[in-house]
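J.: Structure: my_file35.cif, mmCIF, C-alpha atoms.
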```
data_model
#
loop_
_atom_site.label_atom_id
_atom_site.label_comp_id
_atom_site.auth_asym_id
_atom_site.auth_seq_id
_atom_site.Cartn_x
_atom_site.Cartn_y
_atom_site.Cartn_z
CA MET A 1 -24.44 18.06 2.75
CA ALA A 2 -25.16 21.23 4.62
CA ALA A 3 -22.41 22.97 6.47
CA LEU A 4 -24.16 23.80 9.69
CA LYS A 5 -26.94 22.33 11.73
CA SER A 6 -29.74 24.64 12.73
CA GLN A 7 -30.24 24.93 16.44
CA ILE A 8 -33.68 26.53 16.32
CA SER A 9 -35.82 23.42 16.34
CA PRO A 10 -36.25 20.86 19.12
CA PRO A 11 -35.00 17.29 18.66
CA GLU A 12 -36.88 15.53 15.91
CA PRO A 13 -36.91 12.05 14.39
CA THR A 14 -33.78 11.33 12.43
CA THR A 15 -33.60 9.94 8.96
CA LEU A 16 -30.70 8.60 6.98
CA PHE A 17 -29.95 10.61 3.91
CA PHE A 18 -28.08 10.18 0.69
CA ASP A 19 -27.24 13.55 -0.72
CA GLY A 20 -25.29 15.15 -3.47
CA TYR A 21 -25.05 18.68 -2.15
CA ASP A 22 -26.15 21.26 -4.72
CA ASN A 23 -25.24 18.80 -7.46
CA SER A 24 -21.59 19.32 -6.65
CA GLY A 25 -20.90 15.65 -7.14
CA LYS A 26 -20.00 15.03 -3.51
CA ALA A 27 -22.43 12.79 -1.74
CA GLY A 28 -22.72 10.03 0.76
CA LEU A 29 -24.53 8.59 3.69
CA GLY A 30 -25.50 10.95 6.48
CA VAL A 31 -28.32 11.66 8.89
CA CYS A 32 -31.14 14.12 8.50
CA SER A 33 -32.93 15.31 11.60
CA SER A 34 -36.25 15.85 9.98
CA GLY A 35 -39.72 17.01 10.88
CA PHE A 36 -40.89 16.74 7.29
CA ILE A 37 -41.35 13.02 7.08
CA GLY A 38 -44.37 13.22 4.79
CA THR A 39 -42.75 15.43 2.17
CA LEU A 40 -39.17 14.49 2.74
CA SER A 41 -37.19 15.07 -0.40
CA GLN A 42 -34.53 17.57 0.56
CA CYS A 43 -32.61 17.74 3.78
CA SER A 44 -29.84 20.24 3.28
CA SER A 45 -30.49 23.72 4.61
CA ASN A 46 -29.19 25.19 1.41
CA GLY A 47 -32.00 24.80 -1.08
CA GLY A 48 -33.87 22.16 0.87
CA ASN A 49 -37.24 22.29 2.56
CA ASN A 50 -35.76 21.41 5.89
CA THR A 51 -33.85 23.47 8.41
CA SER A 52 -31.68 20.51 9.30
CA ASP A 53 -28.54 19.26 7.61
CA ASP A 54 -27.63 15.82 6.45
CA ASN A 55 -24.23 15.34 8.02
CA VAL A 56 -23.81 13.30 11.15
CA THR A 57 -23.76 16.01 13.79
CA SER A 58 -23.91 16.26 17.57
CA GLY A 59 -26.01 13.49 19.06
CA GLU A 60 -26.47 11.69 15.74
CA MET A 61 -25.35 8.27 14.60
CA PHE A 62 -26.20 5.56 12.11
CA SER A 63 -25.84 1.80 12.02
CA ILE A 64 -25.26 -0.34 8.96
CA LEU A 65 -26.64 -3.88 9.09
CA PHE A 66 -25.24 -6.63 6.87
CA ASP A 67 -26.67 -10.01 6.01
CA LYS A 68 -23.60 -11.70 7.44
CA VAL A 69 -20.61 -11.11 9.65
CA VAL A 70 -18.09 -8.86 7.92
CA SER A 71 -14.88 -7.05 8.69
CA ILE A 72 -14.30 -3.47 7.58
CA THR A 73 -11.26 -3.09 5.36
CA ASP A 74 -11.60 0.55 4.32
CA LEU A 75 -13.66 3.66 5.07
CA TYR A 76 -13.73 7.13 3.59
CA PHE A 77 -15.40 9.99 5.41
CA ARG A 78 -15.90 13.56 4.29
CA ASN A 79 -16.46 16.61 6.46
CA ALA A 80 -19.10 19.34 6.25
CA THR A 81 -17.28 21.02 3.38
CA HIS A 82 -16.89 17.77 1.45
CA LYS A 83 -13.19 17.52 2.05
CA ALA A 84 -11.50 14.43 3.49
CA LEU A 85 -12.34 14.26 7.17
CA ASN A 86 -9.65 14.98 9.71
CA GLY A 87 -11.05 14.54 13.18
CA SER A 88 -12.54 11.77 15.24
CA LEU A 89 -15.70 9.73 15.39
CA LYS A 90 -17.09 6.79 17.24
CA ILE A 91 -17.30 3.34 15.70
CA GLY A 92 -19.16 1.07 18.06
CA ASP A 93 -18.29 2.25 21.55
CA LYS A 94 -14.77 3.41 20.79
CA THR A 95 -13.48 6.70 19.45
CA TYR A 96 -11.12 6.62 16.48
CA THR A 97 -9.00 9.27 14.81
CA VAL A 98 -9.69 9.88 11.14
CA THR A 99 -6.88 11.27 9.00
CA ASN A 100 -7.31 12.21 5.36
CA GLY A 101 -10.73 10.59 5.34
CA GLY A 102 -9.75 7.18 6.66
CA LEU A 103 -8.44 5.23 9.60
CA ALA A 104 -4.85 4.13 10.00
CA ALA A 105 -4.37 0.79 8.22
CA GLU A 106 -3.70 -1.14 11.41
CA VAL A 107 -6.89 0.12 13.05
CA TYR A 108 -9.30 -1.71 10.74
CA ALA A 109 -8.42 -5.04 12.31
CA LEU A 110 -9.39 -3.61 15.71
CA LEU A 111 -12.96 -2.97 14.56
CA GLY A 112 -13.67 -6.68 14.70
CA LYS A 113 -16.02 -8.92 12.75
CA LYS A 114 -19.70 -8.07 13.11
CA SER A 115 -22.94 -7.91 11.19
CA THR A 116 -23.71 -4.39 12.44
CA PHE A 117 -21.40 -1.38 12.64
CA SER A 118 -22.45 1.96 14.11
CA PHE A 119 -20.88 5.36 13.47
CA ALA A 120 -21.46 8.35 15.74
CA TYR A 121 -20.45 11.96 16.06
CA THR A 122 -17.80 12.97 18.58
CA ASP A 123 -16.20 16.26 17.50
CA SER A 124 -16.49 16.60 13.74
CA GLN A 125 -19.42 16.61 11.34
CA PHE A 126 -19.07 13.84 8.80
CA TYR A 127 -20.73 11.65 6.25
CA LEU A 128 -19.66 8.30 4.87
CA SER A 129 -18.57 8.28 1.25
CA THR A 130 -17.34 4.72 0.72
CA MET A 131 -16.99 1.56 2.75
CA SER A 132 -15.23 -1.69 1.93
CA VAL A 133 -15.83 -4.90 3.80
CA GLY A 134 -14.50 -8.41 3.67
CA ASP A 135 -16.37 -11.56 4.47
CA GLY A 136 -15.85 -12.13 8.16
CA GLY A 137 -16.59 -15.84 7.94
CA GLU A 138 -20.10 -16.53 9.18
CA LEU A 139 -19.14 -20.01 10.26
CA GLY A 140 -16.73 -18.54 12.73
CA ASP A 141 -13.10 -17.65 12.66
CA VAL A 142 -11.88 -21.13 11.80
CA PRO A 143 -12.81 -21.93 8.18
CA LEU A 144 -9.42 -23.55 7.66
CA PRO A 145 -10.38 -27.11 8.69
CA ALA A 146 -13.09 -27.25 6.01
CA SER A 147 -10.64 -25.95 3.43
CA ALA A 148 -8.04 -28.43 4.56
CA LEU A 149 -10.49 -31.32 4.17
CA LEU A 150 -11.22 -30.29 0.61
CA LEU A 151 -7.54 -29.97 -0.12
CA ILE A 152 -6.91 -33.43 1.27
CA ALA A 153 -9.77 -34.78 -0.87
CA GLY A 154 -8.20 -33.18 -3.94
CA VAL A 155 -4.78 -34.62 -3.18
CA GLY A 156 -6.40 -37.97 -2.50
CA GLY A 157 -8.05 -37.80 -5.90
CA LEU A 158 -4.66 -37.20 -7.47
CA GLY A 159 -3.25 -40.24 -5.72
CA ALA A 160 -6.16 -42.44 -6.77
CA MET A 161 -5.84 -41.41 -10.39
CA ARG A 162 -2.10 -42.04 -10.38
CA ARG A 163 -2.66 -45.49 -8.87
CA ARG A 164 -5.28 -46.36 -11.48
CA LYS A 165 -2.97 -45.21 -14.23
CA THR A 166 -0.08 -47.30 -12.86
CA LYS A 167 -2.26 -50.45 -12.77
CA SER A 168 -3.37 -50.01 -16.37
CA MET B 1 -4.58 -32.80 -17.28
CA LYS B 2 -6.74 -34.78 -14.86
CA TYR B 3 -4.28 -34.03 -12.07
CA PHE B 4 -4.42 -30.36 -12.83
CA LEU B 5 -8.23 -30.32 -12.84
CA SER B 6 -8.42 -32.17 -9.57
CA ALA B 7 -5.99 -29.81 -7.86
CA ALA B 8 -7.67 -26.73 -9.34
CA MET B 9 -11.08 -27.93 -8.20
CA ALA B 10 -9.82 -28.49 -4.68
CA ALA B 11 -8.25 -25.05 -4.59
CA ALA B 12 -11.40 -23.37 -5.91
CA MET B 13 -13.66 -25.14 -3.45
CA SER B 14 -11.25 -24.35 -0.66
CA LEU B 15 -11.45 -20.67 -1.53
CA ALA B 16 -15.23 -20.77 -1.63
CA VAL B 17 -15.50 -22.36 1.78
CA SER B 18 -13.04 -20.00 3.39
CA GLY B 19 -15.24 -17.10 2.22
CA ALA B 20 -12.75 -14.82 0.58
CA SER B 21 -15.33 -12.37 -0.77
CA ALA B 22 -15.10 -8.62 -0.43
CA ALA B 23 -17.33 -5.69 -1.28
CA THR B 24 -17.07 -1.94 -1.65
CA PHE B 25 -20.14 0.20 -1.13
CA ASP B 26 -19.84 3.55 -2.86
CA PHE B 27 -22.44 5.72 -1.17
CA GLN B 28 -21.59 8.67 -3.37
CA PHE B 29 -22.40 6.62 -6.47
CA ILE B 30 -25.60 5.37 -4.87
CA ALA B 31 -26.65 8.92 -3.99
CA ASP B 32 -25.84 10.23 -7.43
CA THR B 33 -27.71 7.38 -9.08
CA TYR B 34 -30.80 8.15 -7.04
CA LYS B 35 -30.57 11.89 -7.62
CA ASP B 36 -30.05 11.51 -11.35
CA ALA B 37 -33.27 9.54 -11.56
CA ASN B 38 -35.24 11.82 -9.25
CA ASN B 39 -34.83 15.37 -10.43
CA LYS B 40 -31.74 15.89 -8.29
CA GLN B 41 -33.82 15.33 -5.17
CA GLU B 42 -32.14 13.88 -2.11
CA GLY B 43 -33.40 10.61 -0.73
CA SER B 44 -33.76 8.88 2.57
CA PHE B 45 -32.33 5.41 3.00
CA ALA B 46 -35.80 3.91 2.68
CA GLN B 47 -36.46 5.75 -0.58
CA VAL B 48 -33.09 4.84 -2.07
CA TYR B 49 -33.27 1.22 -0.93
CA ASP B 50 -36.73 0.82 -2.44
CA SER B 51 -35.43 1.89 -5.83
CA TYR B 52 -31.90 0.54 -5.86
CA GLU B 53 -31.71 -2.40 -3.50
CA ALA B 54 -29.32 -4.12 -5.89
CA LEU B 55 -26.68 -1.45 -5.21
CA PHE B 56 -26.58 -2.63 -1.61
CA ASP B 57 -25.86 -6.21 -2.65
CA ASN B 58 -22.27 -6.46 -3.69
CA GLY B 59 -19.57 -9.11 -3.84
CA GLY B 60 -21.57 -11.61 -1.81
CA VAL B 61 -22.25 -9.11 0.97
CA LYS B 62 -25.58 -7.32 1.35
CA ILE B 63 -26.56 -4.29 3.40
CA THR B 64 -30.01 -5.15 4.71
CA ASP B 65 -30.77 -1.97 6.65
CA ILE B 66 -29.32 1.30 7.83
CA THR B 67 -30.83 2.86 10.92
CA ALA B 68 -30.28 6.22 12.54
CA GLY B 69 -30.92 5.68 16.21
CA ALA B 70 -33.79 4.68 18.42
CA ASP B 71 -35.86 7.75 17.64
CA HIS B 72 -35.92 7.47 13.87
CA ALA B 73 -39.34 7.33 12.31
CA PHE B 74 -38.74 6.67 8.67
CA PHE B 75 -37.72 3.03 8.51
#
```
Turn this file's structure into structure tokens for me.
T.:
Amino acid sequence: MAALKSQISPPEPTTLFFDGYDNSGKAGLGVCSSGFIGTLSQCSSNGGNNTSDDNVTSGEMFSILFDKVVSITDLYFRNATHKALNGSLKIGDKTYTVTNGGLAAEVYALLGKKSTFSFAYTDSQFYLSTMSVGDGGELGDVPLPASALLLIAGVGGLGAMRRRKTKS
Amino acid sequence: MKYFLSAAMAAAMSLAVSGASAATFDFQFIADTYKDANNKQEGSFAQVYDSYEALFDNGGVKITDITAGADHAFF
């Protein structure tokens, strides 16, 4: 991930980038504002063929689409120098504070259950290193009745077997 | 034994229906995997997804796309 975004070029199409900066071992999901679509293979300004960077910077965002409704249970962001992010960013239409790379534990529940989550710059360059999600329950928020029915069926089976055993 | 099996089956099916799956997506691992196989070259989402779609399918949850705004041109 490059440290700074060049300001010399006009706005260009953006591209999501996975980068391990200078083979340092730190990598993640960011955004590359790129004019080199045809030969795109490096995005970082340091050693790349592009004057852009691959962090999420001013005006940039990305959205992750899942095949089902999920809830986010953990996130880890790094800053432009690959350290744990301390700053803020937008998730959906709300701004959240990030401390030591993640959100406060109680905040994850506020993000809701969705099949698409978007992340946008507010005041700190960042990239996403890891993300954990839980199944949000595609059938809705009330899977309990179905579970309860199965449980009742199981208990019923127990009763039936006991009855059969008693008869014999 | 039969009782135990019946109860265990009900519990397992109950878990399955309530959808208790979870997944962690390690984007650093995905990036490193791609770079290791491609001369340390960086990769766009489209390039990485083409090669390693399975890494985006984890614990019963799959990432089907990642976009970077209305003006992106690479997806």
J.: Go ahead and compute the interatomic distance for CA of Asn86 in chain A and CA of Ile66 in chain B, in Å to one decimal.
T.: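 Pair CA of Asn86 in chain A / CA of Ile66 in chain B returns 24.0 Å.
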J.: Identify the residues around (-12.3, -8.4, 4.8) within a radius of 7 Å, measuring from all atoms listed in the file in the coordinates stated by the file, and give them as a PyMOL selection string.
T.: (chain A and resi 70-73+133-136) or (chain B and resi 22)
J.: Considering all atoms listed in the file, state which residue in the set B:Leu55, B:Asp50, B:Phe45, B:Thr67 is at the smallest distance from Ile30 in chain B.
T.: B:Leu55
J.: Find the residues around Glu53 in chain B up to 10 Å (all atoms listed in the file counted), leave out those fewer than 6 positions away in its own chain, and share them as a CSV table (one decimal) with C-alpha atoms, in the coordinates of the input.
T.:
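Now in part.csv:
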```
chain,number,residue,atom,x,y,z
B,30,ILE,CA,-25.6,5.4,-4.9
B,46,ALA,CA,-35.8,3.9,2.7
B,47,GLN,CA,-36.5,5.8,-0.6
B,62,LYS,CA,-25.6,-7.3,1.4
B,63,ILE,CA,-26.6,-4.3,3.4
B,64,THR,CA,-30.0,-5.2,4.7
```
J.: Between CA of Leu29 in chain A and CA of Ala37 in chain B, what distance in Å does the model show, to one decimal?
T.: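 A separation of 17.6 Å between them.
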J.: What does the structure give for the distance between CA of Lys40 in chain B and CA of Asp65 in chain B, in Å to one decimal?
T.: 23.3 Å
J.: For this file, the PyMOL selection byres ((chain B and resi 29) around 10) selects which residues, as a PDB file with C-alpha atoms, in the frame of the given file?
T.:
```pdb
ATOM      1  CA  PHE A  18     -28.080  10.180   0.690  1.00  0.00           C
ATOM      2  CA  GLY A  20     -25.290  15.150  -3.470  1.00  0.00           C
ATOM      3  CA  GLY A  25     -20.900  15.650  -7.140  1.00  0.00           C
ATOM      4  CA  LYS A  26     -20.000  15.030  -3.510  1.00  0.00           C
ATOM      5  CA  ALA A  27     -22.430  12.790  -1.740  1.00  0.00           C
ATOM      6  CA  GLY A  28     -22.720  10.030   0.760  1.00  0.00           C
ATOM      7  CA  SER A 129     -18.570   8.280   1.250  1.00  0.00           C
ATOM      8  CA  THR A 130     -17.340   4.720   0.720  1.00  0.00           C
TER       9      THR A 130
ATOM     10  CA  PHE B  25     -20.140   0.200  -1.130  1.00  0.00           C
ATOM     11  CA  ASP B  26     -19.840   3.550  -2.860  1.00  0.00           C
ATOM     12  CA  PHE B  27     -22.440   5.720  -1.170  1.00  0.00           C
ATOM     13  CA  GLN B  28     -21.590   8.670  -3.370  1.00  0.00           C
ATOM     14  CA  ILE B  30     -25.600   5.370  -4.870  1.00  0.00           C
ATOM     15  CA  ALA B  31     -26.650   8.920  -3.990  1.00  0.00           C
ATOM     16  CA  ASP B  32     -25.840  10.230  -7.430  1.00  0.00           C
ATOM     17  CA  THR B  33     -27.710   7.380  -9.080  1.00  0.00           C
ATOM     18  CA  TYR B  34     -30.800   8.150  -7.040  1.00  0.00           C
ATOM     19  CA  LYS B  35     -30.570  11.890  -7.620  1.00  0.00           C
ATOM     20  CA  LEU B  55     -26.680  -1.450  -5.210  1.00  0.00           C
TER      21      LEU B  55
END
```
J.: So which residues fall inside 10 Å of (-19.3, 0.3, 18.4) if we count only C-alpha atoms? Mind giving them as a list in words?
T.: Ser63, Lys90, Ile91, Gly92, Asp93, Lys94, Thr95, Leu111, Gly112, Lys114, Thr116, Phe117, Ser118, Phe119 and Ala120 of chain A
J.: Check the smallest atom-to-atom distance from each of B:Asn39, B:Asp57, B:Val48, B:Ala68 to chain A using only C-alpha atoms, then report the winner.
T.: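 Looking only at the distances to chain A, the closest residue turns out to be B:Ala68.
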